[in-house]
file upload-v3.cif (mmCIF, C-alpha atoms)
data_my_file
loop_
_atom_site.group_PDB
_atom_site.id
_atom_site.type_symbol
_atom_site.label_atom_id
_atom_site.label_comp_id
_atom_site.auth_asym_id
_atom_site.auth_seq_id
_atom_site.Cartn_x
_atom_site.Cartn_y
_atom_site.Cartn_z
ATOM 1 C CA MET A 22 0.000 0.000 0.000
ATOM 2 C CA TYR A 23 0.942 3.642 -0.425
ATOM 3 C CA ASN A 24 2.031 4.053 3.208
ATOM 4 C CA GLU A 25 4.522 1.220 2.914
ATOM 5 C CA ILE A 26 6.442 2.541 -0.096
ATOM 6 C CA THR A 27 10.079 3.471 0.493
ATOM 7 C CA LEU A 28 10.768 6.860 -1.098
ATOM 8 C CA GLU A 29 14.277 7.537 -2.354
ATOM 9 C CA LYS A 30 15.840 10.055 -4.684
ATOM 10 C CA GLY A 31 16.741 7.320 -7.167
ATOM 11 C CA LEU A 32 13.101 7.412 -8.328
ATOM 12 C CA TYR A 33 14.026 10.609 -10.200
ATOM 13 C CA ASN A 34 16.829 8.915 -12.130
ATOM 14 C CA ILE A 35 15.119 5.976 -13.832
ATOM 15 C CA THR A 36 15.683 6.278 -17.582
ATOM 16 C CA GLY A 37 12.517 6.808 -19.568
ATOM 17 C CA LYS A 38 10.293 7.305 -16.527
ATOM 18 C CA SER A 39 9.121 10.346 -14.643
ATOM 19 C CA PHE A 40 9.073 10.341 -10.860
ATOM 20 C CA THR A 41 5.320 9.706 -10.815
ATOM 21 C CA GLU A 42 5.595 6.888 -13.357
ATOM 22 C CA ALA A 43 8.315 5.213 -11.306
ATOM 23 C CA LEU A 44 6.251 5.677 -8.148
ATOM 24 C CA THR A 45 3.130 4.289 -9.810
ATOM 25 C CA GLU A 46 4.948 1.069 -10.636
ATOM 26 C CA LEU A 47 5.411 0.595 -6.893
ATOM 27 C CA ASP A 48 1.909 1.746 -5.989
ATOM 28 C CA ARG A 49 -0.539 1.094 -8.810
ATOM 29 C CA ASP A 50 -3.677 3.200 -9.200
ATOM 30 C CA GLU A 51 -5.919 0.176 -9.792
ATOM 31 C CA ASN A 52 -5.336 -0.954 -6.213
ATOM 32 C CA TYR A 53 -7.501 1.938 -5.007
ATOM 33 C CA VAL A 54 -10.594 1.544 -7.204
ATOM 34 C CA GLY A 55 -13.667 1.781 -4.986
ATOM 35 C CA THR A 56 -11.763 3.294 -2.056
ATOM 36 C CA ASP A 57 -11.541 6.834 -0.668
ATOM 37 C CA LEU A 58 -8.204 7.210 -2.477
ATOM 38 C CA GLU A 59 -9.631 6.524 -5.941
ATOM 39 C CA GLY A 60 -8.877 9.502 -8.184
ATOM 40 C CA LEU A 61 -5.551 10.326 -6.528
ATOM 41 C CA ASP A 62 -2.361 9.471 -8.371
ATOM 42 C CA ALA A 63 0.674 7.904 -6.712
ATOM 43 C CA PHE A 64 2.242 11.277 -5.843
ATOM 44 C CA GLU A 65 -0.976 12.635 -4.353
ATOM 45 C CA ARG A 66 -1.319 9.518 -2.222
ATOM 46 C CA GLN A 67 2.132 10.210 -0.793
ATOM 47 C CA LEU A 68 1.100 13.765 0.076
ATOM 48 C CA LYS A 69 -1.813 12.265 1.991
ATOM 49 C CA ARG A 70 0.517 9.755 3.660
ATOM 50 C CA PHE A 71 2.674 12.540 5.094
ATOM 51 C CA ASP A 72 -0.296 14.856 5.658
ATOM 52 C CA ILE A 73 1.131 17.595 3.416
ATOM 53 C CA LYS A 74 -1.532 20.110 2.340
ATOM 54 C CA VAL A 75 -0.384 22.020 -0.724
ATOM 55 C CA SER A 76 -3.376 24.316 -1.308
ATOM 56 C CA GLY A 77 -6.196 26.093 0.456
ATOM 57 C CA PRO A 78 -6.293 28.254 3.585
ATOM 58 C CA ASP A 79 -4.815 25.437 5.683
ATOM 59 C CA SER A 80 -1.911 24.725 3.367
ATOM 60 C CA ASP A 81 1.308 23.740 5.078
ATOM 61 C CA ARG A 82 4.629 25.542 4.977
ATOM 62 C CA VAL A 83 7.465 24.494 2.703
ATOM 63 C CA GLU A 84 9.336 23.013 5.651
ATOM 64 C CA LYS A 85 6.632 20.342 6.050
ATOM 65 C CA PHE A 86 8.185 18.476 3.107
ATOM 66 C CA PHE A 87 11.400 18.175 5.103
ATOM 67 C CA SER A 88 9.854 16.646 8.216
ATOM 68 C CA THR A 89 11.385 13.289 7.240
ATOM 69 C CA THR A 90 13.983 12.132 4.735
ATOM 70 C CA GLN A 91 11.278 10.282 2.784
ATOM 71 C CA SER A 92 8.826 13.180 2.552
ATOM 72 C CA ALA A 93 11.680 15.408 1.318
ATOM 73 C CA VAL A 94 11.844 13.214 -1.795
ATOM 74 C CA LEU A 95 8.407 14.562 -2.774
ATOM 75 C CA PHE A 96 9.463 18.229 -2.892
ATOM 76 C CA PRO A 97 11.026 18.315 -6.400
ATOM 77 C CA GLU A 98 7.879 16.752 -7.874
ATOM 78 C CA PHE A 99 5.737 19.367 -6.139
ATOM 79 C CA VAL A 100 7.914 22.092 -7.670
ATOM 80 C CA ARG A 101 7.791 20.458 -11.102
ATOM 81 C CA ARG A 102 4.011 20.113 -11.031
ATOM 82 C CA CYS A 103 3.485 23.747 -10.077
ATOM 83 C CA ILE A 104 5.757 24.964 -12.868
ATOM 84 C CA LYS A 105 4.059 22.641 -15.355
ATOM 85 C CA ALA A 106 0.614 23.834 -14.249
ATOM 86 C CA GLY A 107 1.642 27.434 -14.868
ATOM 87 C CA MET A 108 2.977 26.536 -18.292
ATOM 88 C CA ASP A 109 -0.202 24.681 -19.228
ATOM 89 C CA GLN A 110 -2.440 27.547 -18.108
ATOM 90 C CA ALA A 111 -0.583 30.013 -20.354
ATOM 91 C CA SER A 112 -0.015 27.709 -23.332
ATOM 92 C CA VAL A 113 -1.588 28.173 -26.774
ATOM 93 C CA LEU A 114 -0.417 24.724 -27.885
ATOM 94 C CA PRO A 115 -3.747 22.963 -27.189
ATOM 95 C CA TYR A 116 -5.319 25.208 -29.837
ATOM 96 C CA VAL A 117 -2.716 24.830 -32.605
ATOM 97 C CA VAL A 118 -0.920 21.491 -32.161
ATOM 98 C CA ALA A 119 -2.239 18.449 -34.017
ATOM 99 C CA ALA A 120 0.383 15.953 -32.834
ATOM 100 C CA ARG A 121 2.923 15.703 -30.025
ATOM 101 C CA THR A 122 6.108 13.716 -30.593
ATOM 102 C CA TYR A 123 8.713 12.773 -28.002
ATOM 103 C CA THR A 124 12.291 12.144 -29.074
ATOM 104 C CA ASP A 125 15.595 11.515 -27.363
ATOM 105 C CA GLY A 126 17.545 12.127 -30.564
ATOM 106 C CA ILE A 127 19.288 15.293 -31.696
ATOM 107 C CA ASP A 128 18.017 15.116 -35.273
ATOM 108 C CA TYR A 129 14.280 14.841 -35.907
ATOM 109 C CA HIS A 130 12.487 15.190 -39.242
ATOM 110 C CA GLY A 131 8.706 15.466 -39.311
ATOM 111 C CA VAL A 132 6.483 15.040 -42.361
ATOM 112 C CA THR A 133 4.879 17.547 -44.702
ATOM 113 C CA LEU A 134 1.731 17.135 -46.784
ATOM 114 C CA THR A 135 1.649 18.677 -50.265
ATOM 115 C CA ASP A 136 -1.383 18.565 -52.583
ATOM 116 C CA SER A 137 -1.066 18.496 -56.374
ATOM 117 C CA ASP A 138 -4.105 20.774 -56.672
ATOM 118 C CA SER A 139 -4.845 23.833 -54.576
ATOM 119 C CA SER A 140 -8.567 24.091 -55.299
ATOM 120 C CA ALA A 141 -11.083 23.019 -52.677
ATOM 121 C CA GLU A 142 -13.759 22.370 -55.312
ATOM 122 C CA VAL A 143 -15.126 18.863 -55.589
ATOM 123 C CA LYS A 144 -13.850 17.357 -58.833
ATOM 124 C CA THR A 145 -14.585 14.163 -60.652
ATOM 125 C CA VAL A 146 -11.828 12.234 -62.373
ATOM 126 C CA ALA A 147 -12.268 11.336 -66.018
ATOM 127 C CA GLU A 148 -11.851 7.709 -67.030
ATOM 128 C CA GLY A 149 -8.164 7.018 -67.478
ATOM 129 C CA ALA A 150 -7.096 10.395 -66.094
ATOM 130 C CA ALA A 151 -4.551 10.717 -63.346
ATOM 131 C CA LEU A 152 -5.851 11.049 -59.797
ATOM 132 C CA PRO A 153 -4.955 14.197 -57.868
ATOM 133 C CA THR A 154 -2.266 13.445 -55.340
ATOM 134 C CA THR A 155 -1.243 14.266 -51.813
ATOM 135 C CA THR A 156 2.467 13.707 -51.278
ATOM 136 C CA VAL A 157 3.899 12.907 -47.865
ATOM 137 C CA THR A 158 7.589 13.773 -47.524
ATOM 138 C CA ASN A 159 10.098 14.248 -44.748
ATOM 139 C CA ASN A 160 10.751 17.854 -43.849
ATOM 140 C CA SER A 161 13.930 18.900 -45.595
ATOM 141 C CA ALA A 162 15.198 20.633 -42.480
ATOM 142 C CA ALA A 163 15.490 18.975 -39.093
ATOM 143 C CA VAL A 164 13.269 20.291 -36.332
ATOM 144 C CA THR A 165 15.235 22.429 -33.917
ATOM 145 C CA VAL A 166 14.454 21.231 -30.410
ATOM 146 C CA SER A 167 15.348 24.192 -28.221
ATOM 147 C CA LYS A 168 15.753 24.370 -24.465
ATOM 148 C CA TYR A 169 13.675 26.856 -22.507
ATOM 149 C CA GLY A 170 14.273 27.323 -18.824
ATOM 150 C CA ARG A 171 14.823 29.570 -15.883
ATOM 151 C CA GLN A 172 16.688 29.676 -12.603
ATOM 152 C CA ILE A 173 14.948 30.947 -9.486
ATOM 153 C CA ASN A 174 17.491 32.280 -7.008
ATOM 154 C CA THR A 175 16.508 31.744 -3.400
ATOM 155 C CA VAL A 176 17.609 29.947 -0.243
ATOM 156 C CA TYR A 177 15.894 27.454 2.032
ATOM 157 C CA GLU A 178 15.845 29.920 4.916
ATOM 158 C CA VAL A 179 13.640 32.218 2.814
ATOM 159 C CA LEU A 180 11.345 29.429 1.630
ATOM 160 C CA ARG A 181 10.901 27.269 4.699
ATOM 161 C CA LYS A 182 8.190 29.384 6.370
ATOM 162 C CA GLN A 183 6.287 30.188 3.175
ATOM 163 C CA ARG A 184 2.857 28.644 2.696
ATOM 164 C CA LEU A 185 2.813 26.052 -0.064
ATOM 165 C CA ASP A 186 -0.170 27.631 -1.828
ATOM 166 C CA LEU A 187 1.706 30.958 -2.106
ATOM 167 C CA PHE A 188 4.913 29.256 -3.180
ATOM 168 C CA GLY A 189 2.891 27.364 -5.774
ATOM 169 C CA VAL A 190 1.580 30.653 -7.185
ATOM 170 C CA VAL A 191 5.162 31.902 -7.568
ATOM 171 C CA LEU A 192 6.209 28.744 -9.394
ATOM 172 C CA LYS A 193 3.160 28.852 -11.683
ATOM 173 C CA SER A 194 3.940 32.453 -12.566
ATOM 174 C CA VAL A 195 7.471 31.532 -13.609
ATOM 175 C CA GLY A 196 6.140 28.602 -15.610
ATOM 176 C CA ALA A 197 3.742 30.919 -17.427
ATOM 177 C CA ARG A 198 6.672 33.123 -18.491
ATOM 178 C CA ILE A 199 8.381 30.132 -20.093
ATOM 179 C CA SER A 200 5.177 29.262 -21.923
ATOM 180 C CA GLY A 201 5.198 32.764 -23.389
ATOM 181 C CA TYR A 202 8.527 32.061 -25.094
ATOM 182 C CA ILE A 203 7.317 28.675 -26.354
ATOM 183 C CA ASN A 204 4.102 30.220 -27.675
ATOM 184 C CA GLY A 205 6.162 32.714 -29.645
ATOM 185 C CA ALA A 206 8.269 29.941 -31.177
ATOM 186 C CA ALA A 207 5.133 28.045 -32.233
ATOM 187 C CA ALA A 208 3.623 31.174 -33.792
ATOM 188 C CA ALA A 209 6.843 31.871 -35.720
ATOM 189 C CA VAL A 210 6.847 28.376 -37.254
ATOM 190 C CA LEU A 211 3.155 28.615 -38.132
ATOM 191 C CA SER A 212 3.501 31.954 -39.935
ATOM 192 C CA ASN A 213 6.813 31.190 -41.646
ATOM 193 C CA GLY A 214 6.407 31.163 -45.430
ATOM 194 C CA VAL A 215 2.715 32.131 -45.362
ATOM 195 C CA GLU A 216 1.764 35.081 -47.562
ATOM 196 C CA PRO A 217 -0.456 37.295 -45.385
ATOM 197 C CA THR A 218 -3.718 38.851 -46.539
ATOM 198 C CA GLU A 219 -4.675 42.375 -45.503
ATOM 199 C CA THR A 220 -7.735 43.801 -43.826
ATOM 200 C CA ALA A 221 -9.957 45.997 -45.976
ATOM 201 C CA GLY A 222 -9.112 49.079 -43.918
ATOM 202 C CA THR A 223 -6.563 50.123 -41.350
ATOM 203 C CA ALA A 224 -8.738 48.825 -38.479
ATOM 204 C CA ILE A 225 -10.062 45.295 -38.193
ATOM 205 C CA THR A 226 -13.772 44.692 -38.760
ATOM 206 C CA TYR A 227 -16.117 41.776 -38.217
ATOM 207 C CA ALA A 228 -16.266 41.342 -41.995
ATOM 208 C CA ASP A 229 -12.458 40.967 -42.029
ATOM 209 C CA LEU A 230 -12.703 38.215 -39.418
ATOM 210 C CA ALA A 231 -15.437 36.375 -41.289
ATOM 211 C CA SER A 232 -13.557 36.604 -44.579
ATOM 212 C CA PHE A 233 -10.353 35.420 -42.921
ATOM 213 C CA TRP A 234 -12.205 32.501 -41.315
ATOM 214 C CA ALA A 235 -13.390 31.417 -44.765
ATOM 215 C CA SER A 236 -9.947 31.796 -46.357
ATOM 216 C CA LEU A 237 -8.704 28.259 -45.650
ATOM 217 C CA LYS A 238 -9.712 26.510 -48.861
ATOM 218 C CA ASP A 239 -10.013 22.912 -47.733
ATOM 219 C CA ARG A 240 -9.725 23.163 -43.973
ATOM 220 C CA ASN A 241 -11.916 24.453 -41.174
ATOM 221 C CA MET A 242 -10.282 27.266 -39.210
ATOM 222 C CA THR A 243 -10.605 26.367 -35.529
ATOM 223 C CA ALA A 244 -8.500 29.036 -33.811
ATOM 224 C CA MET A 245 -7.009 32.472 -34.339
ATOM 225 C CA LEU A 246 -3.917 33.564 -32.434
ATOM 226 C CA VAL A 247 -3.979 37.284 -31.664
ATOM 227 C CA SER A 248 -1.933 39.725 -29.590
ATOM 228 C CA PRO A 249 -3.548 41.265 -26.481
ATOM 229 C CA ALA A 250 -3.979 44.554 -28.388
ATOM 230 C CA MET A 251 -5.636 42.807 -31.332
ATOM 231 C CA MET A 252 -7.838 40.814 -28.947
ATOM 232 C CA ALA A 253 -9.031 44.082 -27.375
ATOM 233 C CA ASN A 254 -9.807 45.569 -30.798
ATOM 234 C CA ILE A 255 -11.782 42.500 -31.861
ATOM 235 C CA LEU A 256 -13.730 42.319 -28.601
ATOM 236 C CA SER A 257 -14.729 45.964 -29.010
ATOM 237 C CA LEU A 258 -16.620 45.135 -32.222
ATOM 238 C CA THR A 259 -20.398 45.327 -31.856
ATOM 239 C CA GLU A 260 -20.835 41.836 -33.290
ATOM 240 C CA MET A 261 -18.699 40.397 -30.475
ATOM 241 C CA SER A 262 -20.720 41.930 -27.647
ATOM 242 C CA ASP A 263 -22.540 38.693 -26.772
ATOM 243 C CA CYS A 264 -19.453 36.489 -26.863
ATOM 244 C CA GLU A 265 -18.288 34.960 -23.618
ATOM 245 C CA GLY A 266 -14.747 34.115 -22.633
ATOM 246 C CA SER A 267 -13.588 31.238 -20.490
ATOM 247 C CA GLY A 268 -11.384 33.392 -18.264
ATOM 248 C CA ASP A 269 -8.158 31.954 -19.675
ATOM 249 C CA GLY A 270 -7.531 34.321 -22.577
ATOM 250 C CA VAL A 271 -9.821 32.429 -24.973
ATOM 251 C CA VAL A 272 -13.056 33.781 -26.479
ATOM 252 C CA THR A 273 -15.290 31.948 -28.943
ATOM 253 C CA THR A 274 -16.528 33.982 -31.910
ATOM 254 C CA PRO A 275 -20.129 33.768 -33.215
ATOM 255 C CA PHE A 276 -18.875 31.526 -36.032
ATOM 256 C CA GLY A 277 -17.203 29.089 -33.665
ATOM 257 C CA VAL A 278 -13.537 30.033 -34.013
ATOM 258 C CA LYS A 279 -11.633 30.446 -30.753
ATOM 259 C CA LEU A 280 -9.727 33.703 -30.322
ATOM 260 C CA VAL A 281 -6.600 32.843 -28.355
ATOM 261 C CA LYS A 282 -4.546 35.608 -26.750
ATOM 262 C CA CYS A 283 -0.864 35.151 -27.555
ATOM 263 C CA PRO A 284 1.374 37.778 -25.895
ATOM 264 C CA GLY A 285 4.472 38.403 -27.977
ATOM 265 C CA LEU A 286 2.662 38.094 -31.300
ATOM 266 C CA GLU A 287 2.933 41.209 -33.450
ATOM 267 C CA ALA A 288 0.079 43.605 -32.664
ATOM 268 C CA ASP A 289 -1.108 43.821 -36.280
ATOM 269 C CA THR A 290 -1.102 40.073 -36.970
ATOM 270 C CA VAL A 291 -3.707 37.309 -36.785
ATOM 271 C CA ILE A 292 -2.704 33.675 -37.341
ATOM 272 C CA GLY A 293 -5.552 31.315 -38.220
ATOM 273 C CA VAL A 294 -5.149 27.540 -37.990
ATOM 274 C CA ASP A 295 -6.971 24.300 -38.415
ATOM 275 C CA GLN A 296 -5.750 22.667 -35.242
ATOM 276 C CA THR A 297 -6.264 19.173 -36.668
ATOM 277 C CA SER A 298 -3.447 19.450 -39.197
ATOM 278 C CA ALA A 299 -1.395 22.600 -38.596
ATOM 279 C CA LEU A 300 1.517 21.881 -36.297
ATOM 280 C CA GLU A 301 3.590 19.135 -34.710
ATOM 281 C CA ALA A 302 5.217 19.759 -31.333
ATOM 282 C CA VAL A 303 8.444 17.801 -30.793
ATOM 283 C CA PHE A 304 9.506 17.405 -27.172
ATOM 284 C CA GLY A 305 13.040 16.473 -26.229
ATOM 285 C CA SER A 306 12.030 16.454 -22.570
ATOM 286 C CA ASP A 307 9.220 17.316 -20.225
ATOM 287 C CA VAL A 308 9.884 19.823 -17.427
ATOM 288 C CA VAL A 309 13.200 18.805 -15.850
ATOM 289 C CA ILE A 310 14.120 19.865 -12.301
ATOM 290 C CA ASP A 311 17.474 19.717 -10.553
ATOM 291 C CA SER A 312 16.108 17.392 -7.861
ATOM 292 C CA GLU A 313 19.314 16.712 -5.904
ATOM 293 C CA LYS A 314 19.543 20.131 -4.231
ATOM 294 C CA LEU A 315 15.828 20.265 -3.534
ATOM 295 C CA ILE A 316 15.785 16.934 -1.736
ATOM 296 C CA SER A 317 18.742 17.806 0.474
ATOM 297 C CA ASN A 318 17.257 21.278 1.221
ATOM 298 C CA GLN A 319 20.633 22.816 0.339
ATOM 299 C CA ILE A 320 18.742 25.244 -1.853
ATOM 300 C CA ASP A 321 20.425 28.286 -3.352
ATOM 301 C CA SER A 322 18.434 28.167 -6.586
ATOM 302 C CA ILE A 323 15.734 26.212 -8.385
ATOM 303 C CA ALA A 324 16.642 25.452 -11.987
ATOM 304 C CA PHE A 325 14.265 23.921 -14.513
ATOM 305 C CA SER A 326 14.028 23.499 -18.267
ATOM 306 C CA ILE A 327 11.985 21.954 -21.052
ATOM 307 C CA SER A 328 13.058 21.111 -24.615
ATOM 308 C CA VAL A 329 10.613 21.546 -27.490
ATOM 309 C CA GLY A 330 10.520 22.412 -31.179
ATOM 310 C CA PHE A 331 7.876 22.713 -33.876
ATOM 311 C CA ALA A 332 7.226 21.577 -37.437
ATOM 312 C CA LYS A 333 4.414 22.633 -39.734
ATOM 313 C CA ILE A 334 2.466 19.633 -41.047
ATOM 314 C CA TYR A 335 0.242 21.099 -43.755
ATOM 315 C CA GLY A 336 0.713 24.623 -45.062
ATOM 316 C CA GLY A 337 -2.922 24.786 -46.175
ATOM 317 C CA ALA A 338 -4.005 24.597 -42.527
ATOM 318 C CA VAL A 339 -2.501 28.010 -41.711
ATOM 319 C CA ALA A 340 -3.411 31.540 -42.791
ATOM 320 C CA VAL A 341 -2.107 34.947 -41.734
ATOM 321 C CA MET A 342 -3.830 38.326 -41.804
ATOM 322 C CA LYS A 343 -2.309 41.736 -41.136
ATOM 323 C CA LEU A 344 -3.798 45.187 -40.714
ATOM 324 C CA LYS A 345 -3.654 47.219 -43.908
ATOM 325 C CA GLY A 346 -0.803 49.698 -43.974
ATOM 326 C CA ASN A 347 1.287 47.941 -41.313
#

call {"tool": "encode", "arguments": {"input": "upload-v3.cif", "output": "structure tokens"}}
result
Amino acid sequence: MYNEITLEKGLYNITGKSFTEALTELDRDENYVGTDLEGLDAFERQLKRFDIKVSGPDSDRVEKFFSTTQSAVLFPEFVRRCIKAGMDQASVLPYVVAARTYTDGIDYHGVTLTDSDSSAEVKTVAEGAALPTTTVTNNSAAVTVSKYGRQINTVYEVLRKQRLDLFGVVLKSVGARISGYINGAAAAVLSNGVEPTETAGTAITYADLASFWASLKDRNMTAMLVSPAMMANILSLTEMSDCEGSGDGVVTTPFGVKLVKCPGLEADTVIGVDQTSALEAVFGSDVVIDSEKLISNQIDSIAFSISVGFAKIYGGAVAVMKLKGN
């Protein structure tokens, strides 16, 4: 059972497995079906074992993790999860990525789809005539998997008395900053090589949005990436007055496309995508934490990183629009 597991720092160093995956092999989720612990993963069961409350008004202080040598092993995973949660909350990838690939190599080539005909019209094929083709090829250039990370300078004496819910907010905020850089890299790959259209006038209108939505010839535009300034301009349009947002920087237009705020995108630019076939995200790693220092509480900094790159799958699934005159 979960309260009999021996926790040791070696669980962070098993090749091909995260800490939680390694822990789950020792304490399988299926053992708790029908019990009060159903719905908790292996890490969360260990928090319960050591009575560590990480959120809410009664959340414990950071030093609670270091009550025993075994509970200290849980601290790096807590840090990692908070950073990852902040990254996920700020990420535009769920709205533009069609496939996620994980690689441990240094040279990765995705695939590209190319159609022999650019028209979206339904066509019959005459008897004996050649069929239109879609060609699948390797990308000529390897995907660049780049490292994004940050170092938080602090010491244990500063952290030990901080409430875990507050410390979690700090870590999520830093994670969100990293997501901003990753979002920018994804947007750059999406727009690369795409000839932008222009709005009819120097200010965006609802007619511009509708026309842009219809501009993908054989794909259904599902999302538009916009800068905060462009988002504000679009939301000020009369036709958008009844639209409701979800509170996470995403608003659904009357024609079903999601407007996704993407800080760092040029203020005059809108990137439209069909999320089902636009972009591949290639991960060289998930969020990686320097766990050794955190377990020993000899903390002078918290360093973390993630490696990711992007490849466009189908150029016809991406369109770009810019304000006229910019």

call {"tool": "closest_residue", "arguments": {"input": "upload-v3.cif", "among": "A:Gly346, A:Gly107, A:Gly205, A:Gly55", "to": "A:Gly189", "atoms": "all atoms listed in the file"}}
result
A:Gly107

call {"tool": "atom_distance", "arguments": {"input": "upload-v3.cif", "atom1": "atom CA of A:Thr158", "atom2": "atom CA of A:Val146"}}
result
24.5 Å

call {"tool": "residues_around", "arguments": {"input": "upload-v3.cif", "residues": "A:Ile310", "least_positions_apart": "6", "cutoff": "8 Å", "atoms": "all atoms listed in the file", "output": "PDB file with C-alpha atoms, keeping the file's coordinate frame"}}
result
ATOM      1  CA  PRO A  97      11.026  18.315  -6.400  1.00  0.00           C
ATOM      2  CA  ARG A 101       7.791  20.458 -11.102  1.00  0.00           C
ATOM      3  CA  ILE A 323      15.734  26.212  -8.385  1.00  0.00           C
ATOM      4  CA  ALA A 324      16.642  25.452 -11.987  1.00  0.00           C
ATOM      5  CA  PHE A 325      14.265  23.921 -14.513  1.00  0.00           C
ATOM      6  CA  SER A 326      14.028  23.499 -18.267  1.00  0.00           C
TER       7      SER A 326
END

call {"tool": "resolve_selection", "arguments": {"input": "upload-v3.cif", "expression": "the PyMOL selection byres ((chain A and resi 122-128) around 8)", "output": "list of chain:residue names"}}
result
A:Ala120, A:Arg121, A:Tyr129, A:His130, A:Ala163, A:Val164, A:Thr165, A:Val166, A:Glu301, A:Ala302, A:Val303, A:Phe304, A:Gly305, A:Ser306

call {"tool": "closest_residue", "arguments": {"input": "upload-v3.cif", "among": "A:Met22, A:Val54, A:Ala207, A:Val100", "to": "A:Ala332", "atoms": "all atoms listed in the file"}}
result
A:Ala207

call {"tool": "resolve_selection", "arguments": {"input": "upload-v3.cif", "expression": "the PyMOL selection byres ((chain A and resi 278-280) around 8)", "output": "PyMOL selection string"}}
result
chain A and resi 234+242-247+252+271-277+281-282

call {"tool": "write_last_selection", "arguments": {"input": "upload-v3.cif", "atoms": "C-alpha atoms", "output": "compact mmCIF listing (two decimals), in the coordinates of the input"}}
result
# COMPACT_ATOMS: atom_id res chain seq x y z
CA TRP A 234 -12.20 32.50 -41.32
CA MET A 242 -10.28 27.27 -39.21
CA THR A 243 -10.60 26.37 -35.53
CA ALA A 244 -8.50 29.04 -33.81
CA MET A 245 -7.01 32.47 -34.34
CA LEU A 246 -3.92 33.56 -32.43
CA VAL A 247 -3.98 37.28 -31.66
CA MET A 252 -7.84 40.81 -28.95
CA VAL A 271 -9.82 32.43 -24.97
CA VAL A 272 -13.06 33.78 -26.48
CA THR A 273 -15.29 31.95 -28.94
CA THR A 274 -16.53 33.98 -31.91
CA PRO A 275 -20.13 33.77 -33.22
CA PHE A 276 -18.88 31.53 -36.03
CA GLY A 277 -17.20 29.09 -33.66
CA VAL A 281 -6.60 32.84 -28.36
CA LYS A 282 -4.55 35.61 -26.75

call {"tool": "resolve_selection", "arguments": {"input": "upload-v3.cif", "expression": "the PyMOL selection byres ((chain A and resi 197-201) around 12)", "output": "PyMOL selection string"}}
result
chain A and resi 103-114+168-172+190-196+202-208+248+282-286+308+325-329

call {"tool": "write_last_selection", "arguments": {"input": "upload-v3.cif", "atoms": "C-alpha atoms", "output": "PDB file, keeping the file's coordinate frame"}}
result
ATOM      1  CA  CYS A 103       3.485  23.747 -10.077  1.00  0.00           C
ATOM      2  CA  ILE A 104       5.757  24.964 -12.868  1.00  0.00           C
ATOM      3  CA  LYS A 105       4.059  22.641 -15.355  1.00  0.00           C
ATOM      4  CA  ALA A 106       0.614  23.834 -14.249  1.00  0.00           C
ATOM      5  CA  GLY A 107       1.642  27.434 -14.868  1.00  0.00           C
ATOM      6  CA  MET A 108       2.977  26.536 -18.292  1.00  0.00           C
ATOM      7  CA  ASP A 109      -0.202  24.681 -19.228  1.00  0.00           C
ATOM      8  CA  GLN A 110      -2.440  27.547 -18.108  1.00  0.00           C
ATOM      9  CA  ALA A 111      -0.583  30.013 -20.354  1.00  0.00           C
ATOM     10  CA  SER A 112      -0.015  27.709 -23.332  1.00  0.00           C
ATOM     11  CA  VAL A 113      -1.588  28.173 -26.774  1.00  0.00           C
ATOM     12  CA  LEU A 114      -0.417  24.724 -27.885  1.00  0.00           C
ATOM     13  CA  LYS A 168      15.753  24.370 -24.465  1.00  0.00           C
ATOM     14  CA  TYR A 169      13.675  26.856 -22.507  1.00  0.00           C
ATOM     15  CA  GLY A 170      14.273  27.323 -18.824  1.00  0.00           C
ATOM     16  CA  ARG A 171      14.823  29.570 -15.883  1.00  0.00           C
ATOM     17  CA  GLN A 172      16.688  29.676 -12.603  1.00  0.00           C
ATOM     18  CA  VAL A 190       1.580  30.653  -7.185  1.00  0.00           C
ATOM     19  CA  VAL A 191       5.162  31.902  -7.568  1.00  0.00           C
ATOM     20  CA  LEU A 192       6.209  28.744  -9.394  1.00  0.00           C
ATOM     21  CA  LYS A 193       3.160  28.852 -11.683  1.00  0.00           C
ATOM     22  CA  SER A 194       3.940  32.453 -12.566  1.00  0.00           C
ATOM     23  CA  VAL A 195       7.471  31.532 -13.609  1.00  0.00           C
ATOM     24  CA  GLY A 196       6.140  28.602 -15.610  1.00  0.00           C
ATOM     25  CA  TYR A 202       8.527  32.061 -25.094  1.00  0.00           C
ATOM     26  CA  ILE A 203       7.317  28.675 -26.354  1.00  0.00           C
ATOM     27  CA  ASN A 204       4.102  30.220 -27.675  1.00  0.00           C
ATOM     28  CA  GLY A 205       6.162  32.714 -29.645  1.00  0.00           C
ATOM     29  CA  ALA A 206       8.269  29.941 -31.177  1.00  0.00           C
ATOM     30  CA  ALA A 207       5.133  28.045 -32.233  1.00  0.00           C
ATOM     31  CA  ALA A 208       3.623  31.174 -33.792  1.00  0.00           C
ATOM     32  CA  SER A 248      -1.933  39.725 -29.590  1.00  0.00           C
ATOM     33  CA  LYS A 282      -4.546  35.608 -26.750  1.00  0.00           C
ATOM     34  CA  CYS A 283      -0.864  35.151 -27.555  1.00  0.00           C
ATOM     35  CA  PRO A 284       1.374  37.778 -25.895  1.00  0.00           C
ATOM     36  CA  GLY A 285       4.472  38.403 -27.977  1.00  0.00           C
ATOM     37  CA  LEU A 286       2.662  38.094 -31.300  1.00  0.00           C
ATOM     38  CA  VAL A 308       9.884  19.823 -17.427  1.00  0.00           C
ATOM     39  CA  PHE A 325      14.265  23.921 -14.513  1.00  0.00           C
ATOM     40  CA  SER A 326      14.028  23.499 -18.267  1.00  0.00           C
ATOM     41  CA  ILE A 327      11.985  21.954 -21.052  1.00  0.00           C
ATOM     42  CA  SER A 328      13.058  21.111 -24.615  1.00  0.00           C
ATOM     43  CA  VAL A 329      10.613  21.546 -27.490  1.00  0.00           C
TER      44      VAL A 329
END
